[in-house]
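Text of the file protein-v5.cif, holding mmCIF, C-alpha atoms:
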```
data_run
loop_
_atom_site.label_atom_id
_atom_site.label_comp_id
_atom_site.auth_asym_id
_atom_site.auth_seq_id
_atom_site.Cartn_x
_atom_site.Cartn_y
_atom_site.Cartn_z
CA MET A 1 72.59 139.12 25.61
CA SER A 2 74.59 135.99 26.35
CA ASP A 3 73.64 133.78 29.28
CA LEU A 4 75.90 135.79 31.62
CA ASP A 5 73.59 137.84 33.84
CA PRO A 6 74.54 141.45 34.70
CA GLU A 7 75.34 140.73 38.35
CA ALA A 8 77.66 137.85 37.44
CA ALA A 9 79.25 139.93 34.68
CA LEU A 10 80.00 142.77 37.12
CA GLY A 11 81.42 140.18 39.51
CA LEU A 12 83.83 139.01 36.79
CA VAL A 13 84.92 142.59 36.17
CA ASP A 14 85.50 143.15 39.89
CA ASN A 15 87.54 139.94 40.14
CA ALA A 16 89.67 141.00 37.18
CA ARG A 17 90.30 144.42 38.72
CA ASN A 18 91.12 142.79 42.05
CA SER A 19 93.72 140.61 40.33
CA VAL A 20 95.49 143.79 39.20
CA ALA A 21 95.15 145.29 42.69
CA GLU A 22 96.65 142.15 44.23
CA ARG A 23 99.69 142.43 41.96
CA ILE A 24 100.17 146.12 42.63
CA GLY A 25 99.92 145.30 46.34
CA ARG A 26 103.07 143.15 45.90
CA CYS A 27 105.12 146.33 45.34
CA GLY A 28 105.63 146.76 49.05
CA TRP A 29 108.30 148.37 51.19
CA ARG A 30 111.17 147.35 48.91
CA TYR A 31 109.70 149.40 46.07
CA ASP A 32 108.85 152.33 48.33
CA LEU A 33 112.31 152.41 49.93
CA ALA A 34 114.12 152.22 46.59
CA TYR A 35 111.83 154.93 45.19
CA SER A 36 112.35 157.24 48.16
CA ALA A 37 116.13 156.64 48.17
CA LEU A 38 116.33 157.67 44.50
CA ALA A 39 114.18 160.77 45.10
CA GLY A 40 116.35 161.73 48.07
CA MET A 41 119.54 161.10 46.11
CA MET A 42 118.48 163.44 43.32
CA VAL A 43 117.88 166.27 45.78
CA ALA A 44 120.90 165.58 48.02
CA GLY A 45 123.05 165.38 44.88
CA GLN A 46 122.60 169.12 44.50
CA ALA A 47 125.21 169.48 47.26
CA LEU A 48 127.77 168.31 44.68
CA SER A 49 129.49 170.69 42.32
CA ALA A 50 128.76 170.76 38.58
CA PRO A 51 128.58 168.51 36.62
CA TYR A 52 128.09 165.92 39.37
CA ASN A 53 124.83 167.50 40.58
CA THR A 54 123.37 167.09 37.08
CA ILE A 55 124.76 163.55 36.87
CA SER A 56 123.04 162.67 40.17
CA VAL A 57 119.69 163.77 38.70
CA ALA A 58 120.32 161.78 35.51
CA VAL A 59 121.29 158.69 37.52
CA GLY A 60 118.19 159.15 39.70
CA ILE A 61 115.88 159.37 36.68
CA MET A 62 117.51 156.31 35.13
CA GLY A 63 117.16 154.49 38.46
CA LEU A 64 113.46 155.36 38.65
CA GLY A 65 113.01 154.08 35.10
CA LEU A 66 114.75 150.79 35.95
CA LEU A 67 112.73 150.45 39.16
CA VAL A 68 109.44 150.83 37.31
CA HIS A 69 110.66 148.50 34.54
CA PHE A 70 111.65 145.81 37.06
CA TRP A 71 108.37 145.95 38.99
CA THR A 72 106.30 146.10 35.82
CA ALA A 73 108.00 142.96 34.54
CA LYS A 74 107.66 141.28 37.93
CA THR A 75 103.95 142.01 38.42
CA GLY A 76 102.89 141.82 34.75
CA VAL A 77 100.94 145.06 35.02
CA TRP A 78 101.80 148.69 34.59
CA VAL A 79 99.84 151.49 36.20
CA SER A 80 100.63 155.02 35.16
CA GLY A 81 100.46 156.75 38.53
CA ILE A 82 98.21 159.50 37.18
CA SER A 83 95.01 157.48 37.11
CA PRO A 84 92.40 157.19 38.56
CA LYS A 85 91.43 160.63 39.81
CA ARG A 86 92.27 160.66 43.53
CA ALA A 87 95.51 158.72 43.09
CA ARG A 88 96.50 161.25 40.42
CA TRP A 89 96.33 164.05 43.00
CA VAL A 90 98.70 162.16 45.31
CA SER A 91 101.21 161.89 42.42
CA ILE A 92 100.80 165.57 41.58
CA ALA A 93 101.25 166.54 45.24
CA LEU A 94 104.48 164.53 45.46
CA GLY A 95 105.76 166.11 42.25
CA LEU A 96 105.03 169.58 43.61
CA VAL A 97 106.69 168.85 46.97
CA VAL A 98 109.88 167.47 45.39
CA ALA A 99 109.95 170.26 42.78
CA ALA A 100 109.55 172.89 45.52
CA ILE A 101 112.39 171.33 47.52
CA MET A 102 114.61 171.17 44.40
CA ILE A 103 113.94 174.85 43.64
CA GLY A 104 114.59 175.73 47.28
CA VAL A 105 117.89 173.84 47.23
CA ALA A 106 118.94 175.50 43.96
CA TRP A 107 118.10 178.88 45.46
CA ALA A 108 120.03 178.07 48.65
CA ASN A 109 123.02 176.99 46.52
CA ARG A 110 122.99 180.38 44.81
CA LEU A 111 123.10 182.00 48.22
CA GLY A 112 126.07 179.83 49.16
CA MET A 113 124.13 177.47 51.48
CA SER A 114 124.98 174.25 49.65
CA GLY A 115 124.91 172.30 52.94
CA LEU A 116 121.10 172.44 52.84
CA ALA A 117 120.97 169.91 50.01
CA ILE A 118 121.72 166.91 52.27
CA PRO A 119 118.93 167.54 54.83
CA ALA A 120 116.63 168.50 51.95
CA GLY A 121 117.45 165.16 50.34
CA VAL A 122 116.47 163.36 53.55
CA VAL A 123 113.20 165.33 53.69
CA SER A 124 112.53 164.48 50.03
CA ALA A 125 113.19 160.79 50.67
CA VAL A 126 110.78 160.76 53.62
CA ALA A 127 108.17 162.66 51.58
CA ALA A 128 108.56 160.23 48.67
CA LEU A 129 108.17 157.28 51.05
CA ILE A 130 105.00 158.71 52.61
CA PHE A 131 103.49 159.68 49.25
CA SER A 132 104.39 156.34 47.68
CA ARG A 133 102.59 154.46 50.47
CA ALA A 134 99.68 156.92 50.34
CA TRP A 135 99.41 156.62 46.56
CA ARG A 136 99.13 152.84 46.71
CA ARG A 137 96.53 153.00 49.48
CA VAL A 138 94.42 155.53 47.55
CA TRP A 139 94.86 153.65 44.29
CA LEU A 140 93.84 150.31 45.80
CA LYS A 141 90.78 151.90 47.38
CA GLU A 142 89.81 153.63 44.16
CA ILE A 143 90.30 150.60 41.92
CA GLY A 144 88.12 148.30 44.03
CA GLY A 145 84.76 147.65 42.38
CA ALA A 146 83.66 148.21 38.83
CA GLN A 147 80.57 150.26 39.69
CA MET O 1 82.35 155.27 35.59
CA SER O 2 79.67 157.66 34.30
CA ALA O 3 79.44 156.64 30.66
CA GLU O 4 76.30 156.31 28.57
CA PRO O 5 74.96 152.77 29.12
CA ARG O 6 75.49 150.70 25.99
CA PHE O 7 75.54 146.93 25.78
CA ASP O 8 78.53 145.66 23.80
CA PRO O 9 78.34 142.03 22.62
CA ILE O 10 82.05 141.98 21.76
CA ILE O 11 82.99 142.79 25.36
CA HIS O 12 80.30 140.75 27.09
CA ALA O 13 81.86 137.29 26.59
CA PRO O 14 83.29 136.28 30.01
CA GLY O 15 86.91 136.08 28.83
CA ARG O 16 86.84 139.43 27.10
CA LEU O 17 84.97 140.98 30.00
CA GLN O 18 87.79 139.92 32.30
CA ILE O 19 90.44 141.20 29.87
CA CYS O 20 88.67 144.57 29.79
CA GLY O 21 88.33 144.49 33.59
CA ILE O 22 92.09 144.08 33.89
CA LEU O 23 92.75 146.88 31.41
CA SER O 24 90.34 149.19 33.22
CA ALA O 25 92.59 148.95 36.27
CA ALA O 26 96.02 148.78 34.62
CA ALA O 27 97.37 150.96 31.84
CA GLN O 28 99.07 147.86 30.41
CA ALA O 29 98.92 144.18 31.28
CA GLU O 30 101.16 141.36 30.16
CA PHE O 31 99.87 138.34 28.22
CA ALA O 32 101.01 135.80 30.85
CA MET O 33 99.37 137.76 33.66
CA MET O 34 96.09 137.75 31.73
CA ARG O 35 96.34 134.04 30.94
CA GLN O 36 96.88 133.31 34.62
CA THR O 37 93.99 135.52 35.74
CA LEU O 38 91.57 134.14 33.16
CA ASP O 39 92.87 130.59 33.65
CA VAL O 40 92.80 129.86 29.91
CA SER O 41 95.25 128.55 27.33
CA ASP O 42 97.48 130.77 25.18
CA SER O 43 95.34 130.10 22.11
CA VAL O 44 92.06 130.98 23.82
CA LEU O 45 93.50 134.22 25.17
CA SER O 46 94.98 135.03 21.76
CA LYS O 47 91.57 134.60 20.13
CA HIS O 48 89.93 136.94 22.64
CA LEU O 49 92.68 139.51 22.13
CA LYS O 50 92.43 139.22 18.35
CA LEU O 51 88.69 139.93 18.49
CA LEU O 52 89.23 142.94 20.73
CA GLU O 53 92.11 144.16 18.57
CA ASP O 54 90.04 143.79 15.38
CA ALA O 55 87.27 145.81 17.02
CA GLY O 56 89.82 148.51 17.74
CA TYR O 57 89.42 148.08 21.50
CA VAL O 58 92.95 147.00 22.47
CA ARG O 59 96.49 147.56 21.29
CA LEU O 60 99.17 144.86 21.45
CA ARG O 61 102.84 145.65 21.86
CA LYS O 62 105.80 143.26 21.98
CA ALA O 63 108.78 144.09 24.16
CA PRO O 64 111.85 142.01 25.02
CA PHE O 65 112.55 141.18 28.66
CA GLU O 66 115.28 138.82 29.90
CA GLY O 67 115.79 137.42 26.39
CA ARG O 68 112.10 136.73 25.73
CA GLN O 69 109.50 138.64 23.78
CA ARG O 70 106.59 139.56 26.02
CA THR O 71 103.26 140.87 24.78
CA TRP O 72 101.71 143.86 26.51
CA VAL O 73 98.09 144.82 26.06
CA SER O 74 96.44 148.19 26.60
CA PHE O 75 93.06 149.77 25.92
CA THR O 76 92.56 152.14 23.03
CA ALA O 77 90.41 155.22 23.74
CA THR O 78 87.57 153.48 21.83
CA GLY O 79 87.93 150.33 23.92
CA ARG O 80 87.99 152.24 27.20
CA ALA O 81 84.83 154.14 26.23
CA ALA O 82 83.06 150.97 25.03
CA PHE O 83 83.92 149.16 28.26
CA ALA O 84 82.74 152.08 30.40
CA GLY O 85 79.46 152.09 28.47
CA HIS O 86 79.11 148.33 28.84
CA VAL O 87 79.72 148.43 32.61
CA ALA O 88 77.19 151.27 32.90
CA GLU O 89 74.63 149.14 31.05
CA LEU O 90 75.38 146.10 33.25
CA SER O 91 74.93 148.27 36.35
CA ARG O 92 71.64 149.58 34.98
CA LEU O 93 70.39 146.07 34.22
CA ALA O 94 71.53 144.75 37.61
CA GLY O 95 69.64 147.62 39.26
CA LEU O 96 66.50 146.78 37.29
CA ALA O 97 66.81 143.11 38.22
CA LYS O 98 67.07 144.04 41.91
CA LEU O 99 63.97 146.23 41.65
CA ALA O 100 62.06 143.43 39.93
CA ALA O 101 63.06 140.98 42.65
CA GLN O 102 61.66 143.23 45.41
#
```
Target format structure tokens, applied to this file:
Amino acid sequence: MSDLDPEAALGLVDNARNSVAERIGRCGWRYDLAYSALAGMMVAGQALSAPYNTISVAVGIMGLGLLVHFWTAKTGVWVSGISPKRARWVSIALGLVVAAIMIGVAWANRLGMSGLAIPAGVVSAVAALIFSRAWRRVWLKEIGGAQ
Amino acid sequence: MSAEPRFDPIIHAPGRLQICGILSAAAQAEFAMMRQTLDVSDSVLSKHLKLLEDAGYVRLRKAPFEGRQRTWVSFTATGRAAFAGHVAELSRLAGLAKLAAQ
């Protein structure tokens, strides 16, 4: 073994992980608000007639891609959102909530209640905001410490 | 991490240990971010990355951003497993050292 003792080596690993956590911590409210606005827009866009409802989803997905690209470039790190374990469940829960709302809105549209898409979009935006904050909190807690 | 403890001399060097620490938290990290965290020169970081890449532990990818090529680094599955084993071994040794000190 080199002259680096195990305790010191684990300390180096923890410091390195903390440097990533510090950078992810920089993605604050601006990221969360943009993320939730895009999620809300994709759902609320279902109030529009075809093909604009599909276009709103496409624009939302592109917007999410650009948002992640911008913050990845700004922080110098990319985290997938589906790792580690507990943070993954927050992402899955958000996906399920938004998917359920989207299906509900599509169903309501079929029944002629297209006005539901706007309030559903607001609910989706709030859910995305809460889950985004929760994800970061869980992720930061989970990533702390190498052991 | 619940990997089989296995000391890895390639990973154990302080610089490479920090690189692996970063990659254990992030799916990908950028070269400049690593240089800043490790507080080393470009050439020193490049040497560490080359060693890890030759061992099959990391993957390097170049991507343009704002007119510049930026290098992104990520773990391979082999690298992730080797690092988990190394950290498990360090934890085991640290535990033994604590017991011996008591």
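Put simply, CA of Arg23 (chain A) is 19.7 Å away from CA of Arg86 (chain A).
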*Would you kindly translate the PyMOL selection byres ((chain A) within 9 of (chain O)) into the concrete residues it picks from this file, as a PyMOL selection string?*
chain A and resi 1-2+4-7+9-10+12-21+72-73+75-80+83-84+143-144+146-147
Go ahead and dump the residues you just picked, C-alpha atoms, as a compact mmCIF listing (two decimals), in the frame of the given file.
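That gives us selection-v7.txt:
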```txt
# COMPACT_ATOMS: atom_id res chain seq x y z
CA MET A 1 72.59 139.12 25.61
CA SER A 2 74.59 135.99 26.35
CA LEU A 4 75.90 135.79 31.62
CA ASP A 5 73.59 137.84 33.84
CA PRO A 6 74.54 141.45 34.70
CA GLU A 7 75.34 140.73 38.35
CA ALA A 9 79.25 139.93 34.68
CA LEU A 10 80.00 142.77 37.12
CA LEU A 12 83.83 139.01 36.79
CA VAL A 13 84.92 142.59 36.17
CA ASP A 14 85.50 143.15 39.89
CA ASN A 15 87.54 139.94 40.14
CA ALA A 16 89.67 141.00 37.18
CA ARG A 17 90.30 144.42 38.72
CA ASN A 18 91.12 142.79 42.05
CA SER A 19 93.72 140.61 40.33
CA VAL A 20 95.49 143.79 39.20
CA ALA A 21 95.15 145.29 42.69
CA THR A 72 106.30 146.10 35.82
CA ALA A 73 108.00 142.96 34.54
CA THR A 75 103.95 142.01 38.42
CA GLY A 76 102.89 141.82 34.75
CA VAL A 77 100.94 145.06 35.02
CA TRP A 78 101.80 148.69 34.59
CA VAL A 79 99.84 151.49 36.20
CA SER A 80 100.63 155.02 35.16
CA SER A 83 95.01 157.48 37.11
CA PRO A 84 92.40 157.19 38.56
CA ILE A 143 90.30 150.60 41.92
CA GLY A 144 88.12 148.30 44.03
CA ALA A 146 83.66 148.21 38.83
CA GLN A 147 80.57 150.26 39.69
```
*Could you list the residues chosen by the PyMOL selection byres ((chain A and resi 117) around 7) in this structure as a ChimeraX atom specification?*
/A:43-44,46-47,105,114-116,118-121
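Coordinates place CA of Glu142 (chain A) at a distance of 7.7 Å from CA of Ala87 (chain A).
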*asked:* So that I can check the surroundings of Gly28 (chain A), please list as a PyMOL selection string every protein, DNA and RNA residue that reaches within 12 Å of it, counting all atoms listed in the file and ignoring chain neighbours fewer than 5 positions away.
replied: chain A and resi 22-23+33-35+71+75+129+132-137
*Measure the distance from CA of Ser46 (chain O) to CA of Ala81 (chain O) in Å and round it to one decimal.*
22.1 Å
*Evaluate the PyMOL selection byres ((chain A and resi 53-61) around 10) here and jot the selected residues down as an MDAnalysis selection string.*
chainID A and resid 35 37:52 62:67
Give the centre and edge lengths of an axis-aligned box, in Å to one decimal, that holds all listed atoms of region 77-92 of chain O with 6 Å on each side, as JSON.
```
{"center_x": 81.0, "center_y": 150.7, "center_z": 29.1, "size_x": 30.8, "size_y": 21.1, "size_z": 26.5}
```
_Give me, as a PyMOL selection string, all polymer residues having an atom no more than 8 Å from Tyr57 (chain O), counting all atoms listed in the file and skipping those fewer than 6 positions away in the same chain._
chain O and resi 75-80+82
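The smallest atom-to-atom distance between Val122 (chain A) and any of A:Lys74, A:Ser36, A:His69, A:Val90, using all atoms listed in the file, is found for A:Ser36.
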Test item: write region 63-74 of chain A with N, CA and C atoms as a tab-separated table (two decimals), in the first residue's frame:
```tsv
chain	number	residue	atom	x	y	z
A	63	GLY	N	-37.00	21.67	-24.12
A	63	GLY	CA	-36.65	22.62	-23.06
A	63	GLY	C	-35.97	21.93	-21.89
A	64	LEU	N	-36.49	20.75	-21.52
A	64	LEU	CA	-35.86	19.99	-20.42
A	64	LEU	C	-34.45	19.58	-20.80
A	65	GLY	N	-34.28	19.18	-22.06
A	65	GLY	CA	-32.95	18.80	-22.54
A	65	GLY	C	-31.99	19.97	-22.47
A	66	LEU	N	-32.44	21.15	-22.90
A	66	LEU	CA	-31.59	22.34	-22.87
A	66	LEU	C	-31.27	22.75	-21.44
A	67	LEU	N	-32.26	22.62	-20.56
A	67	LEU	CA	-32.07	22.98	-19.15
A	67	LEU	C	-30.97	22.11	-18.52
A	68	VAL	N	-31.07	20.82	-18.76
A	68	VAL	CA	-30.07	19.88	-18.22
A	68	VAL	C	-28.70	20.16	-18.84
A	69	HIS	N	-28.69	20.42	-20.16
A	69	HIS	CA	-27.44	20.72	-20.85
A	69	HIS	C	-26.78	21.97	-20.27
A	70	PHE	N	-27.57	23.00	-20.06
A	70	PHE	CA	-27.05	24.27	-19.52
A	70	PHE	C	-26.45	24.06	-18.13
A	71	TRP	N	-27.21	23.39	-17.25
A	71	TRP	CA	-26.73	23.22	-15.87
A	71	TRP	C	-25.56	22.25	-15.79
A	72	THR	N	-25.55	21.27	-16.68
A	72	THR	CA	-24.42	20.33	-16.71
A	72	THR	C	-23.14	21.08	-17.10
A	73	ALA	N	-23.26	21.93	-18.11
A	73	ALA	CA	-22.10	22.71	-18.55
A	73	ALA	C	-21.67	23.69	-17.47
A	74	LYS	N	-22.64	24.26	-16.77
A	74	LYS	CA	-22.35	25.27	-15.75
A	74	LYS	C	-21.68	24.65	-14.52
```
